[in-house]
Structure formats: C-alpha cells, structure tokens
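Data first, discussion second: the structure below is written as structure tokens.
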Amino acid sequence: MTIAPARIQIEVIATTMIVTGEIDSHSRDDLALAMTPLLLSGHLTVNMASVYFIDTSGLRVLVDAHHFAQQSGHRFAISLPSRRVEKILDMSDVGHMIEVVGRNRPRRSTEARTDPGGQS
Amino acid sequence: MSHIRIELRVTVGTDAEHLATLRRHIVNAARDFGADEDTIADFELVVSELATNVIRHTAAEDLTVAFQRSESQWVLDVSDATDLSTLDQPEPDDPTSIDGRGLFIVQAVMDDVQLIDIADQRFVRCIKLAA
C-alpha cells in the first residue's frame with residue numbers, strides 16, 4: 001500500500017503562522033513544535049484557511065496553545081478557519097474557547113474541498 | 001439502487017503515518033459510492049478519529065476498516081475497538097478537555113455507533129442513513 005503521510009506546511013510571517021495541509025495525530029507534533037517558540041515570544045495568530053483536514057488530535061494542539069498563551073498573558077487566535085476547521089470547532093465547542101478571527105463564508109452543501117495532494 | 005451492496009476493506013499498521021492513507025481510501029471509496037461532499041467529510045473525520053483511538057489506546061499491530069454502502073445506509077467498521085469503552089459517554093465532563101471529544105464527534109455525525117463482535121474481534125460500527 002502506498003503510504004501517504006499527512007502533509008503539513010507551515011509558514012511564519014511576523015506573528016502569524018500560516019498552516020496548509022492535514023492536521024492529525026501524525027502531523028500534530030510538527031505543528032506544536034513550530035508553535036512553541038512563537039508562543040514563548042508573544043502573540044500568535046494561526047491562519048487555517050488552507051487546512052483541509054483536522055481531527056481532535058489537531059484540535060488538542062490548538063487548545064494547548066490557547067491555554068499556554070492564556071497563562072503567559074499572550075494572545076492566541078485562529079484566523080480564517082477553513083470549513084473543516086470551523087465545523088470541528090463548532091462541534092467540539094472549542095470555538096467558544098479560542099478566539100477565532102474572520103470566519104469563512106457560509107456553508108454550502110455542494111462545496112468540495114480543495115485537496116492539492118489528494119488522489120481524487 | 002436496490003440490492004446494490006458495495007464494499008471497501010483496508011488493513012493498515014497501527015502507526016499514525018498510515019492515517020492519511022486510510023482517510024484517502026475512505027474518501028475515494030465514498031466518492032465512488034456516490035456520497036455527497038458532506039457525507040465524505042463526515043466519514044473522513046470518523047475514520048481518522050476511530051483509527052487514532054485504536055493506535056493510541058490498544059496494543060493492536062494493525063487495524064482493519066470495512067466500508068460499505070447499501071441501498072439504505074452507509075456502514076463503517078473499524079477493528080479492535082476493545083478499549084473504546086467510553087462510547088457510552090456522550091460528552092466529556094470537562095468542557096476545556098479534548099479527551100473523549102473524538103468519540104463524541106463520531107456519534108454526532110453518525111446516525112448510530114455501536115460495538116460489535118465479528119469472528120472474535122471487536123469492531124466499532126458506524127452507521128449513517130443514506131439520503
């Protein structure tokens with residue numbers, strides 16, 4: 001079977017981290033490691049517009065970051081969450097816990113995800 | 001679509017690096033079976049949550065996922081759910097905790113979730129009624 005590791009790309013511009021890809025229990029450590037120095041140094045906003053998959057393993061990284069920022073007196077926010085991110089934030093109630101900036105467009109039932117690495 | 005029954009069966013090792021492959025199989029199968037994008041997204045999330053639980057909470061060396069579509073419903077079975085006893089807990093007690101929310105979310109997007117035994121192996125079975 002062809003192995004297709006969960007892919008995640010991270011770009012940092014000032015205090016904004018732009019995440020692209022899939023966040024699961026395989027890729028979550030990469031995200032957490034990338035966040036740590038930024039959380040230690042100050043405010044952090046994570047742009048999640050191009051996160052086309054996330055499960056509760058990924059959600060846990062965001063919640064941990066939120067708690068760490070709170071304890072450190074820093075601001076932690078998610079910006080432009082993709083539809084997938086929005087859905088799991090809403091279903092888990094984490095969307096009420098973490099600051100979310102710039103909610104995306106209204107849901108459309110016919111909308112398909114854009115998955116540049118998918119096989120479909 | 002009467003009497004039509006189509007099925008996918010995939011076995012992977014219990015390593016998180018296989019999760020993306022597993023999701024891709026389910027996404028492609030669901031699309032081939034005629035699912036809409038919301039249904040595809042739900043099964044992609046469900047298989048990732050359940051497979052992650054098997055990887056994290058059991059000693060199994062591999063896990064099998066069976067996915068089938070019949071006229072009336074979708075059925076996703078994930079093997080080795082022996083330790084997934086928290087299925088009976090609809091929501092975690094601590095609202096700030098993520099623990100347990102995976103199964104809560106699985107139950108939220110499926111019409112029925114149950115533990116079943118097939119040939120001495122325990123599976124978690126997720127059922128979603130076909131539109």
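Ligands are numbered from 1 in the order shown, residues from 1 within each chain, and chains are lettered A, B, ... in the order they appear in the structure tokens.
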Neighbouring residues of A:Ala32 were defined as those with any atom within 12 Å, considering only C-alpha atoms; residues of the same chain fewer than 5 positions away were excluded. Please report them as a CSV table (one decimal) with N, CA and C atoms, in the first residue's frame.
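Saved as part.csv:
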```csv
chain,number,residue,atom,x,y,z
A,8,ILE,N,1.8,18.6,6.1
A,8,ILE,CA,1.5,19.9,6.7
A,8,ILE,C,2.7,20.9,6.3
A,10,ILE,N,4.1,24.9,7.0
A,10,ILE,CA,4.0,26.0,7.9
A,10,ILE,C,4.8,27.1,7.5
A,17,MET,N,1.1,32.5,11.8
A,17,MET,CA,1.6,31.2,11.2
A,17,MET,C,0.5,30.8,10.2
A,19,VAL,N,-0.8,27.8,8.1
A,19,VAL,CA,-0.8,26.3,8.1
A,19,VAL,C,-1.5,25.8,6.9
A,23,ILE,N,-4.1,18.1,9.6
A,23,ILE,CA,-3.6,18.1,11.0
A,23,ILE,C,-4.3,16.9,11.6
A,24,ASP,N,-3.5,15.9,11.9
A,24,ASP,CA,-4.0,14.7,12.6
A,24,ASP,C,-2.9,14.3,13.6
A,25,SER,N,-3.0,13.1,14.2
A,25,SER,CA,-2.1,12.7,15.2
A,25,SER,C,-0.7,12.4,14.7
A,26,HIS,N,-0.6,12.3,13.4
A,26,HIS,CA,0.8,12.2,12.8
A,26,HIS,C,1.4,13.5,12.6
A,27,SER,N,0.7,14.5,12.2
A,27,SER,CA,1.3,15.8,11.9
A,27,SER,C,1.2,16.8,13.0
A,37,PRO,N,8.1,28.2,19.9
A,37,PRO,CA,8.9,29.4,20.1
A,37,PRO,C,8.1,30.6,19.9
A,38,LEU,N,7.1,30.6,19.0
A,38,LEU,CA,6.2,31.8,18.8
A,38,LEU,C,5.4,32.1,20.0
A,39,LEU,N,4.9,31.0,20.7
A,39,LEU,CA,4.0,31.2,21.9
A,39,LEU,C,4.9,31.7,23.0
A,46,VAL,N,-2.9,31.9,14.1
A,46,VAL,CA,-2.7,30.8,13.2
A,46,VAL,C,-3.8,30.9,12.1
A,57,SER,N,-7.2,15.3,17.3
A,57,SER,CA,-5.7,15.4,17.6
A,57,SER,C,-5.2,16.7,17.3
A,58,GLY,N,-5.6,17.3,16.2
A,58,GLY,CA,-5.1,18.6,15.8
A,58,GLY,C,-5.8,19.7,16.7
A,59,LEU,N,-7.0,19.4,17.0
A,59,LEU,CA,-7.7,20.4,17.9
A,59,LEU,C,-7.0,20.5,19.2
A,60,ARG,N,-6.5,19.4,19.7
A,60,ARG,CA,-5.8,19.4,21.0
A,60,ARG,C,-4.6,20.4,21.0
A,61,VAL,N,-3.9,20.4,19.9
A,61,VAL,CA,-2.8,21.3,19.8
A,61,VAL,C,-3.2,22.8,19.9
A,62,LEU,N,-4.3,23.1,19.3
A,62,LEU,CA,-4.8,24.4,19.4
A,62,LEU,C,-5.3,24.8,20.8
A,63,VAL,N,-5.9,23.8,21.4
A,63,VAL,CA,-6.4,24.1,22.8
A,63,VAL,C,-5.2,24.3,23.8
A,64,ASP,N,-4.2,23.4,23.6
A,64,ASP,CA,-3.0,23.5,24.4
A,64,ASP,C,-2.3,24.9,24.2
A,65,ALA,N,-2.3,25.3,22.9
A,65,ALA,CA,-1.7,26.6,22.6
A,65,ALA,C,-2.5,27.7,23.3
A,66,HIS,N,-3.8,27.6,23.2
A,66,HIS,CA,-4.7,28.6,23.8
A,66,HIS,C,-4.4,28.7,25.3
A,68,PHE,N,-1.7,27.8,27.0
A,68,PHE,CA,-0.4,28.3,27.2
A,68,PHE,C,-0.3,29.8,27.1
```
>> Just list as JSON, numbers by chain whatever in stretch 18-129 of chain B DSSP marks as alpha helix (DSSP H).
In response: {"B": [19, 20, 21, 22, 23, 24, 25, 26, 27, 28, 29, 30, 31, 32, 37, 38, 39, 40, 41, 42, 43, 44, 45, 46, 47, 48, 49, 50, 51, 52, 53, 54, 55, 56, 57, 101, 102, 103, 104, 105, 106, 107, 108, 109]}
Using only C-alpha atoms and a cut-off of 10 Å, which residues of chain B sit close to chain A? Please list them as a short mmCIF file (atom, residue, chain, number, x, y, z; two decimals) with C-alpha atoms, in the first residue's frame.
```cif
data_model
loop_
_atom_site.label_atom_id
_atom_site.label_comp_id
_atom_site.auth_asym_id
_atom_site.auth_seq_id
_atom_site.Cartn_x
_atom_site.Cartn_y
_atom_site.Cartn_z
CA VAL B 10 -8.43 -1.86 4.05
CA THR B 11 -5.87 -3.04 6.61
CA VAL B 12 -3.01 -0.83 7.75
CA ASP B 15 1.09 3.80 13.10
CA ALA B 16 -0.18 7.34 12.75
CA GLU B 17 1.71 7.71 9.49
CA HIS B 18 -0.96 5.49 7.91
CA LEU B 19 -3.85 7.76 8.86
CA ALA B 20 -3.66 9.90 5.75
CA THR B 21 -3.64 6.82 3.54
CA LEU B 22 -6.62 5.40 5.37
CA ARG B 23 -8.55 8.63 5.01
CA ARG B 24 -7.72 8.79 1.31
CA HIS B 25 -9.11 5.30 0.78
CA VAL B 27 -12.70 9.49 0.71
CA ASN B 28 -12.15 7.87 -2.67
CA ALA B 29 -14.50 4.99 -1.90
CA ARG B 31 -16.96 9.39 -3.69
CA ASP B 32 -17.03 6.31 -5.92
CA ASP B 36 -22.05 13.94 -1.35
CA GLU B 37 -19.24 16.12 -0.03
CA ASP B 38 -20.71 16.46 3.47
CA THR B 39 -21.01 12.69 3.82
CA ILE B 40 -17.48 12.23 2.52
CA ALA B 41 -16.19 14.74 5.05
CA ASP B 42 -18.05 13.02 7.88
CA GLU B 44 -13.13 11.06 6.61
CA LEU B 45 -13.34 12.55 10.09
CA VAL B 46 -14.87 9.43 11.65
CA VAL B 47 -12.27 7.04 10.28
CA SER B 48 -9.48 9.33 11.44
CA GLU B 49 -10.90 9.61 14.96
CA THR B 52 -6.42 7.25 16.07
CA ASN B 53 -8.13 5.75 19.11
CA ILE B 55 -3.48 3.49 17.57
CA ARG B 56 -3.38 5.34 20.88
CA GLU B 91 -19.83 14.23 26.22
CA PRO B 92 -16.67 14.82 28.23
CA PRO B 95 -15.59 21.39 28.87
CA THR B 96 -11.99 22.52 28.43
CA SER B 97 -10.74 18.98 27.76
CA ILE B 98 -10.45 17.43 24.32
CA ASP B 99 -10.30 13.91 25.73
CA GLY B 100 -13.35 11.99 24.68
CA ARG B 101 -14.46 14.54 22.15
CA GLY B 102 -13.37 12.36 19.25
CA LEU B 103 -15.97 9.75 20.08
CA PHE B 104 -18.50 12.43 20.89
CA ILE B 105 -17.97 13.90 17.42
CA ALA B 108 -22.69 13.42 16.43
CA VAL B 109 -22.09 12.92 12.71
#
```
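By chain and then residue number, the residues within 10 Å of B:Phe123 are Leu63, Thr64, Val65, Ala66, Leu76, Asp77, Val78, Ser79, Asp80, Ala81, Thr82, Leu84, Gln114, Leu115, Ile116, Asp117, Ile118, Asp120, Gln121, Arg125 and Cys126 of chain B, counting only C-alpha atoms and disregarding those fewer than 2 positions away in sequence.
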>> Would you pick out the contacts of B:Ile6 at 9 Å or less, using only C-alpha atoms, so that residues sharing its chain but fewer than 3 positions from it are not included, and give the list as a PyMOL selection string?
In response: chain B and resi 33+67-70
> chain B: which residues are strand (DSSP E or B) by DSSP, as a VMD selection string?
Replying inline: chain B and resid 6 to 13 62 to 69 73 to 79 112 to 118 121 to 129
> Which one of B:Glu7, B:Thr14, B:Asp111, B:Arg122 sits closest to B:Glu61 if you count only C-alpha atoms?
Replying inline: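 Result for the nearest residue to B:Glu61: B:Thr14.
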> Using only C-alpha atoms, which of the listed residues (A:Ser50, A:Gln9, A:Thr45, A:Ser82) sits closest to A:Glu99?
Replying inline: A:Thr45
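Picture a line from atom CA of A:Ser41 to atom CA of A:Glu86; it runs 26.9 Å.
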> Could you pull the residues within 9 Å of A:Gly73, counting only C-alpha atoms, minus those fewer than 3 positions along the same chain, as a list in words?
Replying inline: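 These residues fall inside the cut-off: Gly42, His43, Phe68, Ala69 and Gln70 of chain A.
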Could you dump the residues just selected with N, CA and C atoms as a CSV table (one decimal), in the first residue's frame?
```
chain,number,residue,atom,x,y,z
A,42,GLY,N,5.4,35.7,22.3
A,42,GLY,CA,4.4,36.7,22.3
A,42,GLY,C,3.1,36.2,21.6
A,43,HIS,N,2.4,37.1,21.0
A,43,HIS,CA,1.1,36.8,20.4
A,43,HIS,C,1.2,35.9,19.2
A,68,PHE,N,-1.7,27.8,27.0
A,68,PHE,CA,-0.4,28.3,27.2
A,68,PHE,C,-0.3,29.8,27.1
A,69,ALA,N,-1.0,30.3,26.0
A,69,ALA,CA,-1.0,31.7,25.8
A,69,ALA,C,-1.7,32.4,26.9
A,70,GLN,N,-2.8,31.9,27.4
A,70,GLN,CA,-3.5,32.5,28.5
A,70,GLN,C,-2.6,32.6,29.7
```
> What is the distance between atom CA of A:Leu89 and atom CA of B:Val75, in Å to one decimal?
Replying inline: 25.4 Å
